[in-house]
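Participant: Dumping the structure here so I can ask a few things about it.
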Number of protein chains: 2
Amino acid sequence: MEIHLPHLDSVFSTDCVIFGFEAGELKVLLIERNEEPFKDWYALPGNIVGPDESVDAAAQRILYELTGLHDLPMRQFHTFGEVNRHPQGRVVTIAYFALIRIGGQKDLMPITQYARKAFWHPVNDLPTLAFDHTEIFKRAFKKIRAKLNYEPIAFELLPEKFTLTQLQSLYEAVLSKQLDKRNFRKKMLSYGFLKELAEKQKGVSYRAAKLYKFDRRKYAKIFQNEIAS
Amino acid sequence: MEIHLPHLDSVFSTDCVIFGFEAGELKVLLIERNEEPFKDWYALPGNIVGPDESVDAAAQRILYELTGLHDLPMRQFHTFGEVNRHPQGRVVTIAYFALIRIGGQKDLMPITQYARKAFWHPVNDLPTLAFDHTEIFKRAFKKIRAKLNYEPIAFELLPEKFTLTQLQSLYEAVLSKQLDKRNFRKKMLSYGFLKELAEKQKGVSYRAAKLYKFDRRKYAKIFQNEIAS
C-alpha cells in the first residue's frame with residue numbers, strides 16, 4: 001500500500017534528547033512511533049511547532065504529549081536545517097537536551113496516539129533512529145561530554161546524595177572510558193564543591209560508602225569569573 | 001503613507017552577531033536597513049532562508065550579501081522562536097556568532113540594496129536595534145563572556161602576534177571590567193599556552209613590549225579531558 005503524506009513547506013519542529021542515568025548506565029529517552037513516516041521506528045520525542053506557540057513552549061508540550069514528562073529543564077543546543085532532512089518537505093528542527101534523574105518521574109506514558117510507547121534506552125547499542133535523529137542524538141551526546149568538563153551537569157543526573165563510586169561510574173558512562181579510581185577521587189575532592197555528609201549509604205550488603213552532596217554555591221564561587229577574579 | 005508588507009507564515013531566517021576588536025574596543029557588525037520593516041534602523045545582518053539552501057549556508061550567503069564578508073567561522077548559538085518577534089508574521093530566526101580580526105577583511109560593502117551600509121559599532125552605547133536584535137545581541141554577548149572562561153576565543157579576535165596589554169584590554173572589553181595587571185599576567189602566563197616570541201612590538205613610541213602567540217596545540221593538551229586524564 002502506498003502511503004500519501006501531506007507535503008510540508010517551511011515548517012519547524014522540536015526534538016528532545018533527554019538523558020538519564022540508571023544502574024551505572026547512561027540512557028536516552030525514546031519513543032516508538034505509531035505514525036508515518038517512520039512508523040514503528042524508534043525516535044527522539046519530537047513534532048511540529050504550532051502557529052500560536054513559541055518554540056520553547058512547543059518543545060515542552062510535545063515532550064509531554066509523547067512521554068508524559070513535563071516541565072523539564074530543557075536547553076536548546078542546535079538547530080538542524082539541512083534541506084533534505086525530512087522526507088515530507090522542508091522541516092527545520094530545533095533540538096533541546098535535558099539531564100534528569102531517572103526515577104524522579106512517574107512512569108512514562110504517551111498522551112497521544114502518535115507514540116506507541118516511551119522508554120529509556122542505553123546510549124550504547126542505540127539502533128538507527130528515525131529521520132536524522134541518530135545525528136541529533138550524537139551531537140547532543142558530544143555536547144554533554146564537552147560540558148562535563150566545564151559545567152556541573154553530572155549532578156543533574158545523580159540522586160541528591162551519592163557515593164563517589166556512583167559519581168565515577170557516571171563520568172565513565174558519559175566519557176565512555178574507565179577512569180583511575182584514586183586519581184578520580186583525589187581530583188573530585190580537591191575542587192571543594194563536594195560536601196561530605198554524616199550519613200552513609202543504606203541497604204547495601206557490602207561496606208556502606210560515604211554519601212556526598214553537590215554544593216552549588218561553592219561551585220559558583222570557585223568557577224565563576226575565573227579570569228576576572 | 002501606509003505600507004503594505006506581505007504576511008509571512010512559518011518562515012525561518014538567520015541573524016549573525018559578528019564581534020571584532022579594534023583599538024581596545026569590542027565591536028559588533030551592524031547594517032543600516034534600506035527596506036521596510038524597520039527601514040533606516042540599525043540591525044544585525046540577517047534575512048530569510050531560501051527554500052533550497054541549508055540554514056547554515058543561508059547564514060553565510062546572507063552575511064555576504066549584506067556586508068561583503070564571506071566564509072566566516074560562524075557558530076549557531078540560539079534559535080529565537082517567540083510567536084510575535086517579527087511584525088510581518090511568524091518568523092523563527094536561527095542566530096549565529098563569529099569572532100574575527102578587524103582589518104583581516106577588505107572594506108565592508110553590502111552587495112544588495114537591502115542594506116544601505118555595513119559598519120562596526122562599539123558594543124557599548126549600542127542604539128536600540130531593529131526587531132528583537134537587541135535581545136539577540138545581548139544573548140550572544142553573554143555567551144562569549146561565558147566562553148571566555150573555558151574556550152580560547154580571545155585569540156580569534158586578536159592579531160596573531162599580540163602583547164599582554166592587548167590581551168588584557170580584550171578581556172576587559174569583553175568582561176566590561178578592569179582587571180589587575182599583575183594578577184592577569186601571572187595567571188595568563190601560568191597556563192602555559194602563551195608562547196613568548198623573540199620579536200618585540202614595532203613602531204611604537206614607548207618601550208616596545210614583548211609579543212606572544214597563542215599555542216593552540218598546547219592549549220588542547222592542557223584542557224582537553226580534564227577529568228578524564
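Chain labels run A, B, ... following the order of the C-alpha cells; each chain numbers its residues from 1, and ligands are numbered from 1 in the order shown.
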Could I get the residues of chain A with an atom no further than 7 Å from an atom of chain B, each paired with its nearest atom pair and that distance in Å to one decimal, using only C-alpha atoms, sorted by chain and residue number, as a tab-separated table?
Facilitator:
residue	atom	partner	partner_atom	distance
A:Ser10	CA	B:Val11	CA	6.1
A:Val11	CA	B:Ser10	CA	6.1
A:Asp52	CA	B:Val83	CA	6.2
A:Glu53	CA	B:Val83	CA	6.1
A:Ser54	CA	B:Glu82	CA	4.5
A:Val55	CA	B:Gly81	CA	4.8
A:Gln76	CA	B:His78	CA	6.9
A:His78	CA	B:Gln76	CA	6.9
A:Gly81	CA	B:Val55	CA	4.8
A:Glu82	CA	B:Ser54	CA	4.5
A:Val83	CA	B:Ser54	CA	5.2
A:Asn149	CA	B:Glu226	CA	6.3
A:Tyr150	CA	B:Tyr150	CA	6.8
A:Leu179	CA	B:Ala228	CA	6.6
A:Glu226	CA	B:Asn149	CA	6.4
A:Ile227	CA	B:Asn149	CA	6.7
A:Ala228	CA	B:Leu179	CA	6.6
Participant: Need to verify the contact set: stretch 127-143 of chain B, 9 Å, only C-alpha atoms, exclusion of same-chain residues closer than 4 positions in sequence. Can you return it as a list in words?
Facilitator: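 Using only C-alpha atoms, the neighbours found are Asp15, Cys16, Val17, Phe19, Val28, Arg33, Pro37, Phe38, Lys39, Trp41, Tyr42, Ala43, Leu44, Phe77, His78, Phe80, Arg85, His86, Pro87, Ala95, Tyr96, Phe97, Val123, Lys147, Leu148 and Val174 of chain B.
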Participant: Save out the residues we just selected, N, CA, C and O atoms, as a short mmCIF file (atom, residue, chain, number, x, y, z; two decimals), in the first residue's frame.
Facilitator:
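Once written, again.cif looks like this:
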data_model
loop_
_atom_site.label_atom_id
_atom_site.label_comp_id
_atom_site.auth_asym_id
_atom_site.auth_seq_id
_atom_site.Cartn_x
_atom_site.Cartn_y
_atom_site.Cartn_z
N ASP B 15 20.26 35.34 11.65
CA ASP B 15 20.84 36.61 12.08
C ASP B 15 22.24 36.34 12.62
O ASP B 15 22.45 35.32 13.28
N CYS B 16 23.17 37.23 12.33
CA CYS B 16 24.55 37.00 12.72
C CYS B 16 25.06 38.10 13.66
O CYS B 16 24.88 39.28 13.37
N VAL B 17 25.68 37.67 14.73
CA VAL B 17 26.32 38.62 15.65
C VAL B 17 27.83 38.44 15.47
O VAL B 17 28.41 37.47 15.96
N PHE B 19 31.50 39.69 16.15
CA PHE B 19 32.28 40.53 17.05
C PHE B 19 33.67 40.78 16.48
O PHE B 19 34.27 39.89 15.87
N VAL B 28 30.64 45.30 17.24
CA VAL B 28 29.73 44.35 16.61
C VAL B 28 29.38 44.89 15.21
O VAL B 28 29.31 46.10 15.00
N ARG B 33 19.45 49.38 7.63
CA ARG B 33 18.44 48.79 6.76
C ARG B 33 17.92 49.81 5.75
O ARG B 33 17.72 50.97 6.06
N PRO B 37 10.26 46.13 6.97
CA PRO B 37 10.04 47.00 8.14
C PRO B 37 11.36 47.48 8.74
O PRO B 37 12.41 46.97 8.37
N PHE B 38 11.28 48.44 9.62
CA PHE B 38 12.47 48.98 10.29
C PHE B 38 13.44 49.62 9.29
O PHE B 38 14.65 49.52 9.43
N LYS B 39 12.89 50.25 8.25
CA LYS B 39 13.74 50.99 7.31
C LYS B 39 14.53 52.05 8.06
O LYS B 39 13.98 52.69 8.98
N TRP B 41 16.72 51.72 10.25
CA TRP B 41 17.21 51.28 11.56
C TRP B 41 18.54 50.54 11.42
O TRP B 41 18.87 49.99 10.38
N TYR B 42 19.25 50.51 12.52
CA TYR B 42 20.41 49.63 12.60
C TYR B 42 19.93 48.23 12.97
O TYR B 42 19.00 48.07 13.78
N ALA B 43 20.58 47.23 12.39
CA ALA B 43 20.17 45.85 12.64
C ALA B 43 21.37 44.91 12.53
O ALA B 43 22.40 45.28 11.97
N LEU B 44 21.22 43.71 13.05
CA LEU B 44 22.20 42.66 12.79
C LEU B 44 22.00 42.21 11.34
O LEU B 44 20.89 42.26 10.83
N PHE B 77 24.21 29.84 18.02
CA PHE B 77 24.17 29.87 19.48
C PHE B 77 22.75 29.83 20.05
O PHE B 77 22.57 29.41 21.19
N HIS B 78 21.75 30.21 19.28
CA HIS B 78 20.39 30.13 19.81
C HIS B 78 19.40 30.34 18.68
O HIS B 78 19.68 31.05 17.73
N PHE B 80 15.60 31.82 18.06
CA PHE B 80 14.60 32.67 18.71
C PHE B 80 13.24 32.37 18.10
O PHE B 80 13.03 32.64 16.92
N ARG B 85 7.74 37.82 17.48
CA ARG B 85 9.01 38.54 17.40
C ARG B 85 9.19 39.33 16.09
O ARG B 85 10.07 40.18 16.00
N HIS B 86 8.39 39.04 15.07
CA HIS B 86 8.52 39.71 13.77
C HIS B 86 7.18 40.35 13.39
O HIS B 86 6.16 39.69 13.47
N PRO B 87 7.19 41.62 12.98
CA PRO B 87 5.92 42.31 12.71
C PRO B 87 5.15 41.75 11.52
O PRO B 87 3.95 41.98 11.39
N ALA B 95 20.18 32.10 15.17
CA ALA B 95 21.22 33.12 15.36
C ALA B 95 22.60 32.49 15.46
O ALA B 95 22.79 31.43 16.05
N TYR B 96 23.56 33.16 14.83
CA TYR B 96 24.96 32.72 14.77
C TYR B 96 25.85 33.80 15.36
O TYR B 96 25.50 34.98 15.34
N PHE B 97 27.01 33.37 15.83
CA PHE B 97 28.00 34.39 16.18
C PHE B 97 29.35 34.00 15.57
O PHE B 97 29.58 32.84 15.22
N VAL B 123 30.30 47.89 21.18
CA VAL B 123 29.20 47.22 21.89
C VAL B 123 28.67 48.08 23.03
O VAL B 123 27.52 47.93 23.45
N LYS B 147 32.03 31.98 27.52
CA LYS B 147 33.01 31.16 26.81
C LYS B 147 34.44 31.59 27.09
O LYS B 147 35.36 30.77 27.05
N LEU B 148 34.63 32.86 27.37
CA LEU B 148 35.97 33.37 27.63
C LEU B 148 36.66 32.58 28.74
O LEU B 148 37.88 32.46 28.77
N VAL B 174 35.56 42.54 26.94
CA VAL B 174 34.52 41.51 26.91
C VAL B 174 33.83 41.41 28.28
O VAL B 174 32.62 41.28 28.37
#
Participant: Determine which residues of stretch 7-189 of chain B receive a DSSP assignment of helix (DSSP H, G or I), computed from the backbone, and state them as a PyMOL selection string.
Facilitator: chain B and resi 55-67+133-147+154-157+164-175+181-189
Participant: Go through B:Lys218, B:Arg182, B:Arg101, B:Lys27 one by one, measure the shortest atom-to-atom distance of each to B:Leu157 using only C-alpha atoms, and give the residue with the smallest value.
Facilitator: B:Arg101
Participant: Which residues come within 9 Å of B:Glu156, counting only C-alpha atoms, excluding same-chain residues fewer than 2 positions away, as a ChimeraX atom specification?
Facilitator: /B:98-101,152-154,158-160
Participant: Store the residues picked out above in a file with C-alpha atoms, as a short mmCIF file (atom, residue, chain, number, x, y, z; two decimals), in the first residue's frame.
Facilitator:
data_model
loop_
_atom_site.label_atom_id
_atom_site.label_comp_id
_atom_site.auth_asym_id
_atom_site.auth_seq_id
_atom_site.Cartn_x
_atom_site.Cartn_y
_atom_site.Cartn_z
CA ALA B 98 31.59 34.75 15.00
CA LEU B 99 34.71 36.40 16.37
CA ILE B 100 37.05 37.91 13.84
CA ARG B 101 40.09 40.10 13.49
CA PRO B 152 40.30 30.16 23.76
CA ILE B 153 38.04 32.61 21.94
CA ALA B 154 40.10 35.66 22.87
CA LEU B 158 43.48 39.40 18.40
CA PRO B 159 46.16 39.65 15.73
CA GLU B 160 48.33 36.56 15.51
#
Participant: Identify all residues of stretch 80-142 of chain B in strand (DSSP E) (DSSP on the backbone) and supply them as an mmCIF file with C-alpha atoms, in the first residue's frame.
Facilitator:
data_model
loop_
_atom_site.group_PDB
_atom_site.id
_atom_site.type_symbol
_atom_site.label_atom_id
_atom_site.label_comp_id
_atom_site.auth_asym_id
_atom_site.auth_seq_id
_atom_site.Cartn_x
_atom_site.Cartn_y
_atom_site.Cartn_z
ATOM 1 C CA PHE B 80 14.604 32.666 18.715
ATOM 2 C CA GLY B 89 4.160 37.159 10.871
ATOM 3 C CA ARG B 90 5.738 34.012 12.217
ATOM 4 C CA VAL B 91 9.475 34.135 11.630
ATOM 5 C CA VAL B 92 11.766 31.909 13.668
ATOM 6 C CA THR B 93 15.364 33.059 13.481
ATOM 7 C CA ILE B 94 18.472 30.947 13.894
ATOM 8 C CA ALA B 95 21.218 33.118 15.363
ATOM 9 C CA TYR B 96 24.956 32.722 14.773
ATOM 10 C CA PHE B 97 28.000 34.388 16.176
ATOM 11 C CA ALA B 98 31.591 34.752 14.999
ATOM 12 C CA LEU B 99 34.712 36.395 16.374
ATOM 13 C CA ILE B 100 37.047 37.909 13.837
ATOM 14 C CA ALA B 115 21.373 47.227 3.393
ATOM 15 C CA ARG B 116 22.484 50.818 2.902
ATOM 16 C CA LYS B 117 25.779 50.199 4.661
ATOM 17 C CA ALA B 118 27.595 47.786 6.933
ATOM 18 C CA PHE B 119 29.837 49.013 9.744
ATOM 19 C CA TRP B 120 31.453 48.192 13.078
ATOM 20 C CA HIS B 121 29.801 49.678 16.151
ATOM 21 C CA PRO B 122 31.226 49.603 19.706
#
Participant: Got a sec: who's within 10 Å of B:Lys181, counting only C-alpha atoms, leaving out chain neighbours fewer than 5 positions off, as a PyMOL selection string?
Facilitator: chain B and resi 164-165+168-169+186
Participant: Excluding A:Gln201 and its own-chain neighbours fewer than 4 positions away, which residues fall within 7 Å of it when counting only C-alpha atoms? Please give them as JSON, numbers by chain.
Facilitator: {"A": [208, 209, 210, 211]}
Participant: Measuring between only C-alpha atoms, which one of A:Phe21, A:Leu5, A:Ala220, A:Asp107 shows the shortest distance to A:Leu69?
Facilitator: A:Asp107
Participant: If we count only C-alpha atoms, what is near B:Tyr114 at a cut-off of 10 Å, once residues fewer than 3 positions away on the same chain are taken out, given as a list of chain:residue names?
Facilitator: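 Listed by chain and then number, they are B:Ile31, B:Glu32, B:Arg33, B:Asn34, B:Glu35, B:Glu36, B:Lys39, B:Asn47, B:Glu65, B:Leu66, B:Pro110, B:Ile111, B:Lys117.
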Participant: Could you work out how far atom CA of B:Leu26 lies from atom CA of B:Ala173, giving the answer in Å with one decimal?
Facilitator: 5.8 Å
